[in-house]
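Okay, start_7.txt now, which holds compact mmCIF, C-alpha atoms:
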```
# COMPACT_ATOMS: atom_id res chain seq x y z
CA MET A 368 236.40 -93.08 170.23
CA ALA A 369 239.90 -92.67 171.60
CA THR A 370 240.54 -91.71 175.21
CA THR A 371 238.74 -88.67 176.52
CA ALA A 372 238.40 -86.93 179.86
CA ILE A 373 235.67 -84.43 180.66
CA ILE A 374 235.83 -82.23 183.74
CA SER A 375 232.97 -80.25 185.23
CA ILE A 376 233.49 -77.91 188.16
CA SER A 377 230.73 -75.98 189.85
CA SER A 378 231.15 -73.61 192.75
CA ASP A 379 229.19 -70.97 194.61
CA ILE A 380 232.26 -69.42 196.25
CA ALA A 381 232.38 -66.44 193.92
CA PRO A 382 229.17 -64.76 192.75
CA GLY A 383 228.89 -64.95 188.98
CA PHE A 384 231.26 -67.85 188.52
CA SER A 385 229.56 -69.98 185.91
CA GLY A 386 231.63 -73.09 186.37
CA ILE A 387 234.06 -75.00 184.19
CA SER A 388 233.26 -77.71 181.69
CA GLU A 389 236.09 -78.88 179.48
CA SER A 390 236.98 -81.98 177.52
CA MET A 391 240.30 -83.29 176.34
CA THR A 392 241.28 -86.10 174.04
CA LEU A 393 244.45 -87.78 175.20
CA THR A 394 246.91 -87.64 172.33
CA GLN A 395 250.55 -88.36 171.77
CA ALA A 396 252.90 -85.46 172.34
CA GLY A 397 252.65 -82.68 169.80
CA THR A 398 250.26 -84.56 167.52
CA LEU A 399 246.58 -85.32 167.04
CA THR A 400 247.29 -89.06 167.20
CA ASP A 401 245.47 -90.87 170.00
CA ILE A 402 247.51 -92.02 172.97
CA ASP A 403 248.16 -95.73 172.57
CA SER A 404 249.05 -97.41 175.88
CA THR A 405 247.58 -97.80 179.33
CA THR A 406 248.24 -99.62 182.56
CA GLY A 407 244.57 -100.53 182.62
CA PHE A 408 242.32 -99.74 185.54
CA GLN A 409 243.84 -100.89 188.81
CA ILE A 410 243.36 -100.62 192.56
CA ARG A 411 245.87 -100.59 195.42
CA LYS A 412 244.91 -101.25 199.04
CA LEU A 413 246.93 -99.42 201.69
CA SER A 414 246.80 -100.24 205.39
CA ALA A 415 249.71 -98.38 206.92
CA THR A 416 251.36 -95.00 206.84
CA GLY A 417 254.54 -94.68 204.84
CA ALA A 418 255.16 -93.83 201.21
CA VAL A 419 255.03 -96.67 198.70
CA ASP A 420 255.11 -96.65 194.92
CA LEU A 421 251.77 -96.65 193.16
CA VAL A 422 253.55 -96.67 189.82
CA THR A 423 257.21 -97.63 189.52
CA MET A 424 258.19 -96.30 186.13
CA ALA A 425 261.15 -98.63 185.60
CA SER A 426 258.99 -101.67 186.35
CA GLU A 427 256.21 -101.14 183.85
CA LEU A 428 255.84 -104.14 181.54
CA VAL A 429 255.62 -101.79 178.60
CA GLU A 430 258.26 -99.10 178.95
CA PRO A 431 256.66 -95.64 178.91
CA LYS A 432 258.23 -93.00 176.72
CA ASP A 433 259.83 -90.23 178.74
CA SER A 434 258.78 -86.59 178.92
CA VAL A 435 255.85 -86.67 176.53
CA ALA A 436 252.07 -86.51 177.06
CA SER A 437 251.34 -89.18 179.70
CA LYS A 438 248.47 -88.74 182.15
CA ILE A 439 247.30 -90.45 185.31
CA TYR A 440 243.90 -90.54 187.00
CA ILE A 441 243.88 -91.37 190.71
CA ARG A 442 241.00 -91.56 193.18
CA ASN A 443 240.73 -92.31 196.88
CA ILE A 444 237.69 -94.59 197.07
CA GLY A 445 237.81 -95.35 200.80
CA TYR A 446 237.33 -98.92 201.95
CA LYS A 447 234.30 -101.20 201.84
CA GLY A 448 231.88 -98.37 201.26
CA THR A 449 233.30 -96.09 203.92
CA VAL A 450 234.70 -92.87 202.48
CA ASP A 451 236.22 -90.53 205.05
CA LYS A 452 236.64 -87.03 203.69
CA SER A 453 238.56 -85.90 206.74
CA VAL A 454 241.65 -88.06 206.14
CA GLY A 455 243.58 -88.70 202.99
CA VAL A 456 246.50 -90.06 201.08
CA THR A 457 249.40 -87.88 199.94
CA ILE A 458 250.21 -88.35 196.28
CA GLY A 459 253.81 -87.68 195.32
CA VAL A 460 256.16 -87.65 192.38
CA ASN A 461 259.78 -88.57 193.06
CA ALA A 462 259.28 -87.92 196.79
CA GLU A 463 257.81 -84.47 196.15
CA PRO A 464 254.30 -84.26 197.67
CA ILE A 465 251.85 -83.12 195.02
CA GLY A 466 248.82 -83.03 197.25
CA LEU A 467 246.48 -84.85 199.62
CA LEU A 468 243.57 -86.84 198.21
CA TYR A 469 240.86 -86.97 200.83
CA GLY A 470 238.21 -89.68 200.74
CA GLY A 471 236.31 -89.51 197.47
CA ASP A 472 238.68 -86.99 195.93
CA TRP A 473 240.13 -87.59 192.48
CA MET A 474 242.93 -86.05 190.47
CA MET A 475 244.25 -86.11 186.95
CA MET A 476 247.69 -84.87 186.02
CA PRO A 477 250.38 -85.16 183.38
CA LEU A 478 253.46 -87.28 184.04
CA THR A 479 257.05 -87.29 182.88
CA CYS A 480 257.29 -91.11 183.16
CA ILE A 481 261.06 -90.90 183.59
CA ASP A 482 262.39 -93.63 185.87
CA ALA A 483 263.07 -91.34 188.83
CA ASP A 484 259.57 -89.90 188.81
CA ASP A 485 257.70 -92.76 190.42
CA ILE A 486 254.18 -92.03 191.67
CA THR A 487 253.99 -92.52 195.42
CA VAL A 488 251.09 -92.78 197.86
CA ASN A 489 251.30 -92.18 201.60
CA PRO A 490 248.20 -92.60 203.80
CA ALA A 491 247.77 -90.20 206.71
CA THR A 492 246.65 -93.03 209.03
CA ASP A 493 246.88 -96.82 209.35
CA ASP A 494 243.21 -97.18 208.42
CA THR A 495 242.74 -99.22 205.27
CA VAL A 496 242.08 -97.18 202.17
CA VAL A 497 241.88 -98.12 198.50
CA ILE A 498 243.31 -96.08 195.65
CA GLU A 499 242.12 -96.63 192.11
CA TYR A 500 244.14 -95.41 189.16
CA VAL A 501 244.79 -95.68 185.47
CA MET A 502 247.79 -94.32 183.57
CA PHE A 503 247.82 -93.49 179.87
CA TYR A 504 251.14 -93.17 178.10
CA GLU A 505 253.13 -93.59 174.93
CA GLU A 506 255.16 -96.70 174.37
CA ALA A 507 258.92 -96.08 174.29
CA MET B 1177 228.73 -73.68 203.52
CA ALA B 1178 230.26 -72.86 200.19
CA THR B 1179 230.04 -75.82 197.85
CA THR B 1180 232.49 -76.71 195.12
CA THR B 1181 232.11 -79.96 193.23
CA ALA B 1182 234.45 -81.46 190.66
CA ALA B 1183 233.34 -84.25 188.36
CA VAL B 1184 235.21 -86.25 185.76
CA THR B 1185 234.16 -88.72 183.12
CA LEU B 1186 236.97 -90.76 181.63
CA THR B 1187 236.41 -93.05 178.66
CA SER B 1188 238.82 -95.13 176.62
CA ASP B 1189 238.75 -97.79 173.95
CA LEU B 1190 242.32 -98.96 174.52
CA LEU B 1191 241.15 -102.03 176.42
CA SER B 1192 239.21 -104.99 174.98
CA ASP B 1193 236.01 -103.45 176.25
CA ASN B 1194 235.32 -99.76 176.51
CA MET B 1195 236.31 -98.25 179.84
CA SER B 1196 234.15 -95.56 181.40
CA VAL B 1197 234.80 -94.05 184.79
CA SER B 1198 232.87 -91.26 186.43
CA ALA B 1199 233.69 -89.59 189.73
CA THR B 1200 232.37 -86.59 191.62
CA THR B 1201 233.78 -85.04 194.73
CA THR B 1202 232.86 -82.13 196.95
CA CYS B 1203 235.94 -80.12 197.83
CA MET B 1204 236.17 -79.77 201.61
CA LYS B 1205 238.49 -77.89 203.91
CA ALA B 1206 241.35 -79.91 205.34
CA GLY B 1207 240.30 -82.49 207.90
CA THR B 1208 236.60 -81.67 207.83
CA THR B 1209 233.48 -83.35 206.55
CA ALA B 1210 231.12 -80.43 206.84
CA ASP B 1211 232.90 -77.27 205.70
CA GLY B 1212 233.68 -76.63 202.05
CA LEU B 1213 236.51 -74.64 200.50
CA ASP B 1214 235.58 -70.99 200.56
CA GLN B 1215 238.17 -69.05 198.57
CA MET B 1216 239.11 -69.11 194.91
CA GLU B 1217 241.23 -67.53 192.20
CA TYR B 1218 240.28 -67.78 188.53
CA GLY B 1219 242.33 -66.50 185.66
CA TYR B 1220 243.15 -66.61 181.97
CA LEU B 1221 246.53 -65.47 180.73
CA ASP B 1222 249.08 -65.48 177.96
CA LEU B 1223 252.21 -67.37 178.89
CA PRO B 1224 255.23 -66.28 176.85
CA THR B 1225 258.19 -68.53 176.22
CA GLY B 1226 261.60 -68.00 177.74
CA ASP B 1227 261.07 -68.03 181.49
CA GLU B 1228 259.48 -70.09 184.23
CA TYR B 1229 256.67 -68.36 186.09
CA ASP B 1230 254.93 -69.05 189.37
CA LEU B 1231 251.28 -69.64 188.52
CA ILE B 1232 250.02 -68.93 192.03
CA ALA B 1233 251.21 -65.60 193.38
CA THR B 1234 249.64 -65.89 196.80
CA THR B 1235 250.43 -69.16 198.48
CA PRO B 1236 247.81 -70.73 200.72
CA THR B 1237 249.31 -71.84 204.00
CA ALA B 1238 250.54 -75.35 204.62
CA SER B 1239 248.21 -78.13 205.76
CA LYS B 1240 245.29 -76.54 203.98
CA ALA B 1241 243.24 -78.16 201.25
CA SER B 1242 243.70 -76.73 197.78
CA LYS B 1243 242.48 -77.89 194.41
CA LEU B 1244 244.08 -76.58 191.25
CA TYR B 1245 242.58 -76.76 187.77
CA LEU B 1246 244.84 -75.82 184.88
CA LYS B 1247 244.13 -75.99 181.16
CA ASN B 1248 246.26 -75.17 178.16
CA HIS B 1249 243.89 -73.47 175.73
CA SER B 1250 246.46 -73.21 172.95
CA THR B 1251 244.99 -74.42 169.67
CA ASP B 1252 248.34 -75.58 168.30
CA GLU B 1253 248.86 -79.17 169.47
CA THR B 1254 252.64 -78.76 169.37
CA TYR B 1255 252.59 -76.05 172.02
CA TYR B 1256 252.94 -77.18 175.60
CA VAL B 1257 253.37 -75.95 179.13
CA ALA B 1258 255.80 -77.72 181.44
CA VAL B 1259 254.44 -77.86 184.99
CA THR B 1260 256.61 -78.17 188.09
CA GLN B 1261 256.01 -78.13 191.81
CA ASN B 1262 258.88 -77.15 194.08
CA ALA B 1263 261.22 -77.67 191.09
CA GLN B 1264 259.98 -81.24 190.61
CA ALA B 1265 258.73 -81.80 187.08
CA ILE B 1266 255.11 -82.99 187.08
CA GLY B 1267 254.54 -83.19 183.33
CA LYS B 1268 253.54 -81.35 180.18
CA LEU B 1269 250.16 -79.98 179.21
CA TYR B 1270 249.86 -79.81 175.43
CA GLY B 1271 247.33 -77.62 173.67
CA GLY B 1272 243.88 -78.77 174.83
CA ASP B 1273 245.12 -80.69 177.87
CA TRP B 1274 243.92 -80.01 181.42
CA MET B 1275 244.89 -81.18 184.89
CA PHE B 1276 243.19 -81.17 188.29
CA ILE B 1277 245.25 -81.83 191.39
CA PRO B 1278 245.09 -81.37 195.16
CA ALA B 1279 247.99 -78.92 195.22
CA ASP B 1280 250.20 -79.14 198.29
CA PHE B 1281 251.60 -75.69 198.97
CA HIS B 1282 253.68 -76.96 201.86
CA ASP B 1283 256.10 -74.06 201.90
CA ALA B 1284 257.07 -70.97 199.96
CA ALA B 1285 258.99 -73.10 197.47
CA GLY B 1286 256.00 -75.35 196.85
CA ASP B 1287 254.38 -73.08 194.32
CA ILE B 1288 253.25 -74.43 190.98
CA ALA B 1289 255.46 -73.08 188.20
CA ILE B 1290 254.82 -73.21 184.47
CA THR B 1291 256.99 -72.73 181.40
CA ALA B 1292 255.69 -72.22 177.86
CA ASN B 1293 257.17 -74.02 174.88
CA GLY B 1294 256.53 -73.65 171.16
CA GLY B 1295 255.07 -70.17 171.42
CA THR B 1296 252.88 -68.08 173.66
CA ASN B 1297 250.45 -70.45 175.37
CA LYS B 1298 246.92 -69.56 176.49
CA ILE B 1299 246.35 -70.70 180.05
CA CYS B 1300 243.21 -70.92 182.14
CA TYR B 1301 243.45 -71.80 185.81
CA ALA B 1302 241.28 -71.97 188.90
CA LEU B 1303 242.48 -72.45 192.45
CA PHE B 1304 239.92 -73.46 195.07
CA HIS B 1305 241.36 -73.16 198.55
CA GLU B 1306 241.07 -71.94 202.11
CA GLY B 1307 243.07 -70.00 204.61
CA THR B 1308 244.77 -67.35 202.52
CA VAL B 1309 245.39 -64.20 204.50
CA LEU B 1310 246.09 -61.01 202.59
CA VAL B 1311 249.43 -59.36 203.18
CA THR B 1312 249.41 -55.68 203.98
CA THR B 1313 251.30 -53.42 201.59
```

structure tokens encoding of this file:
Amino acid sequence: MATTAIISISSDIAPGFSGISESMTLTQAGTLTDIDSTTGFQIRKLSATGAVDLVTMASELVEPKDSVASKIYIRNIGYKGTVDKSVGVTIGVNAEPIGLLYGGDWMMMPLTCIDADDITVNPATDDTVVIEYVMFYEEA
Amino acid sequence: MATTTAAVTLTSDLLSDNMSVSATTTCMKAGTTADGLDQMEYGYLDLPTGDEYDLIATTPTASKASKLYLKNHSTDETYYVAVTQNAQAIGKLYGGDWMFIPADFHDAAGDIAITANGGTNKICYALFHEGTVLVTT
């Protein structure tokens, strides 16, 4: 079965745009071999502004291999059933802001997994918000 | 209101029981709950090796909401595209890989840049955004 991710995007912005539906199987770099390690599915509750590590690469129990085919899925799931799409959490890599995940938004991106490239989260407000995530990687 | 939705289904058998996660979101303008993104770019291109290229030529203004989809359609699994934002390495998309991020184009240097490795890579991308104003020639 392996690890797979399927994305479907629909939009009525542009007339004639028929949408996007694509699947990928997460494999090890440059091969057709399935990716073999994961952090497991986790959540992190945030209740104050200020950037904190979501994933500290140097602190993973199983050392991730650097600069290969790692991926992370992150979603802002709000708090106790309340999902506010007007405020969000800035996701960063090594202090570089990648983008703002508003309530309910999700993202999936590749990672370098090198020690400096920690994944950070920084809420826009002090309101409690929960981030769920799972990282897939190769063992060093 | 223009409506753009993005859904993902993620499954894995790496854990003791199969993991399956599904999520759907409607892509809204920054700071709103009732107004969806209303602009988009959609493209498919050949990315030659040798140089780094800005993927997005027209940068949406800061503090706007943007969503970027990018897929490497190369059929050779050894080919990959290195993705950076503002010179910070994000990661590598090998042949068949895709990514979907809320791109933060916070300044002119915040563009997403891509570099092909292994050979000419086939790239498909879609940027859903707001607030771009055309520049007169």

(request) For Met1195 (chain B), please output as a PyMOL selection string all residues within 10 Å (counting only C-alpha atoms; exclusion window: fewer than 6 positions along the same chain). (result) (chain A and resi 370+407-408) or (chain B and resi 1186-1189)

(request) Could you pull out every residue with an atom within 10 Å of (240.5, -98.8, 190.7), file coordinates, counting only C-alpha atoms, and send them as a list of chain:residue names? (result)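 The residues near that point, listed by chain and number, are A:Gly407, A:Phe408, A:Gln409, A:Ile410, A:Arg411, A:Lys412, A:Tyr440, A:Ile441, A:Arg442, A:Asn443, A:Ile444, A:Val497, A:Ile498, A:Glu499, A:Tyr500, A:Val501, B:Val1197.
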
(request) May I ask which of the residues A:Asp482, A:Asp420, A:Glu463, A:Glu427 is the closest one to chain B, counting only C-alpha atoms? (result)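 Using only C-alpha atoms, the shortest distance to chain B belongs to A:Glu463.
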
(message) I'd like the contact shell of Tyr1255 (chain B) - 10 Å cut-off, only C-alpha atoms, skipping same-chain residues fewer than 5 positions apart - returned as a ChimeraX atom specification.
(response) /A:396-398 /B:1248-1250,1268-1272,1292-1298

Output of the above residues as a short mmCIF file (atom, residue, chain, number, x, y, z; two decimals), keeping the file's coordinate frame, restricted to C-alpha atoms:
```cif
data_model
loop_
_atom_site.label_atom_id
_atom_site.label_comp_id
_atom_site.auth_asym_id
_atom_site.auth_seq_id
_atom_site.Cartn_x
_atom_site.Cartn_y
_atom_site.Cartn_z
CA ALA A 396 252.90 -85.46 172.34
CA GLY A 397 252.65 -82.68 169.80
CA THR A 398 250.26 -84.56 167.52
CA ASN B 1248 246.26 -75.17 178.16
CA HIS B 1249 243.89 -73.47 175.73
CA SER B 1250 246.46 -73.21 172.95
CA LYS B 1268 253.54 -81.35 180.18
CA LEU B 1269 250.16 -79.98 179.21
CA TYR B 1270 249.86 -79.81 175.43
CA GLY B 1271 247.33 -77.62 173.67
CA GLY B 1272 243.88 -78.77 174.83
CA ALA B 1292 255.69 -72.22 177.86
CA ASN B 1293 257.17 -74.02 174.88
CA GLY B 1294 256.53 -73.65 171.16
CA GLY B 1295 255.07 -70.17 171.42
CA THR B 1296 252.88 -68.08 173.66
CA ASN B 1297 250.45 -70.45 175.37
CA LYS B 1298 246.92 -69.56 176.49
#
```

(request) Using only C-alpha atoms, determine which residues lie at most 6 Å from Pro1278 (chain B), disregarding the query and same-chain residues fewer than 5 positions distant; provide the list as a ChimeraX atom specification. (result) /A:466-467 /B:1242-1243

For chain B, work out the contacting residues on chain A at 8 Å, counting all atoms listed in the file, and write them as a PDB file with C-alpha atoms, in the frame of the given file.
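Below is the file that was written, iface_20.pdb:
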```pdb
ATOM      1  CA  MET A 368     236.400 -93.080 170.230  1.00  0.00           C
ATOM      2  CA  ALA A 369     239.900 -92.670 171.600  1.00  0.00           C
ATOM      3  CA  THR A 370     240.540 -91.710 175.210  1.00  0.00           C
ATOM      4  CA  THR A 371     238.740 -88.670 176.520  1.00  0.00           C
ATOM      5  CA  ALA A 372     238.400 -86.930 179.860  1.00  0.00           C
ATOM      6  CA  ILE A 373     235.670 -84.430 180.660  1.00  0.00           C
ATOM      7  CA  ILE A 374     235.830 -82.230 183.740  1.00  0.00           C
ATOM      8  CA  SER A 375     232.970 -80.250 185.230  1.00  0.00           C
ATOM      9  CA  ILE A 376     233.490 -77.910 188.160  1.00  0.00           C
ATOM     10  CA  SER A 377     230.730 -75.980 189.850  1.00  0.00           C
ATOM     11  CA  SER A 378     231.150 -73.610 192.750  1.00  0.00           C
ATOM     12  CA  ASP A 379     229.190 -70.970 194.610  1.00  0.00           C
ATOM     13  CA  ILE A 380     232.260 -69.420 196.250  1.00  0.00           C
ATOM     14  CA  ALA A 381     232.380 -66.440 193.920  1.00  0.00           C
ATOM     15  CA  MET A 391     240.300 -83.290 176.340  1.00  0.00           C
ATOM     16  CA  THR A 392     241.280 -86.100 174.040  1.00  0.00           C
ATOM     17  CA  LEU A 393     244.450 -87.780 175.200  1.00  0.00           C
ATOM     18  CA  ALA A 396     252.900 -85.460 172.340  1.00  0.00           C
ATOM     19  CA  GLY A 397     252.650 -82.680 169.800  1.00  0.00           C
ATOM     20  CA  THR A 398     250.260 -84.560 167.520  1.00  0.00           C
ATOM     21  CA  LEU A 399     246.580 -85.320 167.040  1.00  0.00           C
ATOM     22  CA  ASP A 403     248.160 -95.730 172.570  1.00  0.00           C
ATOM     23  CA  SER A 404     249.050 -97.410 175.880  1.00  0.00           C
ATOM     24  CA  THR A 405     247.580 -97.800 179.330  1.00  0.00           C
ATOM     25  CA  GLY A 407     244.570-100.530 182.620  1.00  0.00           C
ATOM     26  CA  SER A 434     258.780 -86.590 178.920  1.00  0.00           C
ATOM     27  CA  VAL A 435     255.850 -86.670 176.530  1.00  0.00           C
ATOM     28  CA  ALA A 436     252.070 -86.510 177.060  1.00  0.00           C
ATOM     29  CA  SER A 437     251.340 -89.180 179.700  1.00  0.00           C
ATOM     30  CA  ASP A 451     236.220 -90.530 205.050  1.00  0.00           C
ATOM     31  CA  LYS A 452     236.640 -87.030 203.690  1.00  0.00           C
ATOM     32  CA  SER A 453     238.560 -85.900 206.740  1.00  0.00           C
ATOM     33  CA  VAL A 454     241.650 -88.060 206.140  1.00  0.00           C
ATOM     34  CA  VAL A 460     256.160 -87.650 192.380  1.00  0.00           C
ATOM     35  CA  ASN A 461     259.780 -88.570 193.060  1.00  0.00           C
ATOM     36  CA  GLU A 463     257.810 -84.470 196.150  1.00  0.00           C
ATOM     37  CA  PRO A 464     254.300 -84.260 197.670  1.00  0.00           C
ATOM     38  CA  ILE A 465     251.850 -83.120 195.020  1.00  0.00           C
ATOM     39  CA  GLY A 466     248.820 -83.030 197.250  1.00  0.00           C
ATOM     40  CA  LEU A 467     246.480 -84.850 199.620  1.00  0.00           C
ATOM     41  CA  LEU A 468     243.570 -86.840 198.210  1.00  0.00           C
ATOM     42  CA  GLY A 471     236.310 -89.510 197.470  1.00  0.00           C
ATOM     43  CA  ASP A 472     238.680 -86.990 195.930  1.00  0.00           C
ATOM     44  CA  TRP A 473     240.130 -87.590 192.480  1.00  0.00           C
ATOM     45  CA  MET A 474     242.930 -86.050 190.470  1.00  0.00           C
ATOM     46  CA  MET A 475     244.250 -86.110 186.950  1.00  0.00           C
ATOM     47  CA  MET A 476     247.690 -84.870 186.020  1.00  0.00           C
ATOM     48  CA  PRO A 477     250.380 -85.160 183.380  1.00  0.00           C
ATOM     49  CA  LEU A 478     253.460 -87.280 184.040  1.00  0.00           C
ATOM     50  CA  THR A 479     257.050 -87.290 182.880  1.00  0.00           C
TER      51      THR A 479
END
```
